[in-house]
Each structure stands twice: as structure tokens, then as C-alpha cells.
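S.K.: I am attaching a structure below and will ask some questions about it afterwards.
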Amino acid sequence: MRPNFWTLPLSQLTTPEWEALCDGCGKCCLNKLEYEDTGEVEFTRVACRLLDGATCRCSKYDTRHKYVPECVRLTPESISQIAYWMPRSCAYRLRFEEKPLESWHYLVSGSHETIHQEGRSVKGWTVSESDIPEDDWDQYTIEDLS
């Protein structure tokens, strides 16, 4: 990968660089409630059943669509339609908005642990969608997911 590739426009990233941009927060794996009448999106603490709560990574990333067909395919082409519901701290959203990465991002800090140490990941506070009926997700909304 090229040095400082994360400063380039998303359209110029190679596939490995695109994948490496993920900060490992796990926030994209949280179920969201989108209200059709207002377009408002609320995050919940209810995580996809494939999210590994200890690593904040998908436990079956390469084959996730086999298990979760509705899992979003985030690509340089799709981000313009998806960015509005992504966390404001997400590296993909930040770069789409032409903003720099956060200081706790591993590409900046040099450590994959910084995100967890700074409390910027979902590590330790999610519940699995397997344990919570979908009708109850509104009881698990998060006010601020920065």
C-alpha cells in the first residue's frame, strides 16, 4: 500500500487500501432505525449477529452476505448513498466528506488498540440481534454515536 494512501480521494484507492481504511469501530454493524416520514436515522446498541464484540469485526466478513443478505456493500461507488447513516467518526464517511482521519485511527496512531482505548468502538456495550426482538430495538437507541 502507498504511504498515506488514506489522504487520497476514495476513488483513487486500491481494493486493499479501501479495506484498510476501516477503523474497526464496529459501528456500521449496529442496527439502525430509519423513520420514513422524517428520514431520521437512529443507531441502536443492537449489533448484527455476526459482529464479534471482542474485536469489533465481522466474524464472517468474506462470506457475510451468505448469512446476512441485507448487509450493505460499502464501496467507493455506493458511499454517496450510504454516508448519511454512517457514524460521523467513520473513516469512510470522513474521507468521503474530504475530512482527515481521527487521531485514534490506527493509520494515524499506529495501533489497532487506540480506537478501543479511546472508547471510540462498540467494544463491550452491544447486544446481539439474536437476543433482542426487532420490535424492541427502539428501546436500545443511542443518543450520540460520535
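Lettering and numbering for the C-alpha cells are positional, with chains as A, B, ... in the shown order, residues counted from 1 in each chain, and ligands counted from 1 in the shown order.
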From chain A, collect each residue whose DSSP state is strand (DSSP E or B) and return the set as a list in words.
M.R.: Leu30, Asn31, Lys32, Leu33, Glu34, Val41, Glu42, Phe43, Thr44, Arg45, Val46, Ala47, Leu51, Asp52, Arg57, Cys58, Val127, Ser128 and Thr141 of chain A
S.K.: Go through region 36-88 of chain A residue by residue and, counting only C-alpha atoms, keep those with an atom at most 9 Å from region 118-138 of chain A; for each kept residue give the shortest atom pair and its distance in Å to one decimal, ordered by chain and increasing number, as a tab-separated table.
M.R.:
residue	atom	partner	partner_atom	distance
A:Glu42	CA	A:Asp138	CA	8.8
A:Thr44	CA	A:Trp137	CA	6.7
A:Arg45	CA	A:Thr126	CA	4.8
A:Val46	CA	A:Val127	CA	5.0
A:Ala47	CA	A:Ser128	CA	5.0
A:Cys48	CA	A:Glu129	CA	5.7
A:Arg49	CA	A:Ser128	CA	5.4
A:Leu50	CA	A:Ser128	CA	8.5
A:Leu51	CA	A:Ser128	CA	8.0
A:Asp52	CA	A:Lys123	CA	8.9
A:Gly53	CA	A:Lys123	CA	5.6
A:Ala54	CA	A:Lys123	CA	6.0
A:Thr55	CA	A:Lys123	CA	7.1
A:Cys56	CA	A:Lys123	CA	6.1
S.K.: Just to be explicit: take each residue in the selection above, keep C-alpha atoms, and write the result as a PDB file, in the first residue's frame.
M.R.:
ATOM      1  CA  GLU A  42     -31.134   6.387  14.984  1.00  0.00           C
ATOM      2  CA  THR A  44     -29.126   1.177  18.431  1.00  0.00           C
ATOM      3  CA  ARG A  45     -26.884  -0.920  20.679  1.00  0.00           C
ATOM      4  CA  VAL A  46     -28.293  -3.958  18.858  1.00  0.00           C
ATOM      5  CA  ALA A  47     -25.496  -5.415  16.762  1.00  0.00           C
ATOM      6  CA  CYS A  48     -25.587  -7.735  13.786  1.00  0.00           C
ATOM      7  CA  ARG A  49     -25.376 -11.336  14.878  1.00  0.00           C
ATOM      8  CA  LEU A  50     -22.059 -11.665  13.027  1.00  0.00           C
ATOM      9  CA  LEU A  51     -20.303  -8.894  14.966  1.00  0.00           C
ATOM     10  CA  ASP A  52     -17.569 -10.187  17.245  1.00  0.00           C
ATOM     11  CA  GLY A  53     -17.980  -7.963  20.306  1.00  0.00           C
ATOM     12  CA  ALA A  54     -14.403  -8.542  21.459  1.00  0.00           C
ATOM     13  CA  THR A  55     -12.716  -7.489  18.204  1.00  0.00           C
ATOM     14  CA  CYS A  56     -15.432  -5.226  16.738  1.00  0.00           C
TER      15      CYS A  56
END
S.K.: Mind giving me the straight-line distance from CA of Gly26 (chain A) to CA of Val108 (chain A) in Å, one decimal?
M.R.: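 Interatomic distance here is 18.2 Å.
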S.K.: Residues of chain A in helix (DSSP H, G or I) according to DSSP, as a ChimeraX atom specification?
M.R.: /A:5-7,10-12,15-20,27-29,61-67,79-85,91-96,106-109,114-117,134-140
S.K.: So how far away is CA of Pro76 (chain A) from CA of Phe96 (chain A), in Å?
M.R.: 8.7 Å
S.K.: Residues at most 9 Å from Ile82 (chain A), counting only C-alpha atoms, excluding those fewer than 6 positions away in the same chain, as a ChimeraX atom specification?
M.R.: /A:72,74,93
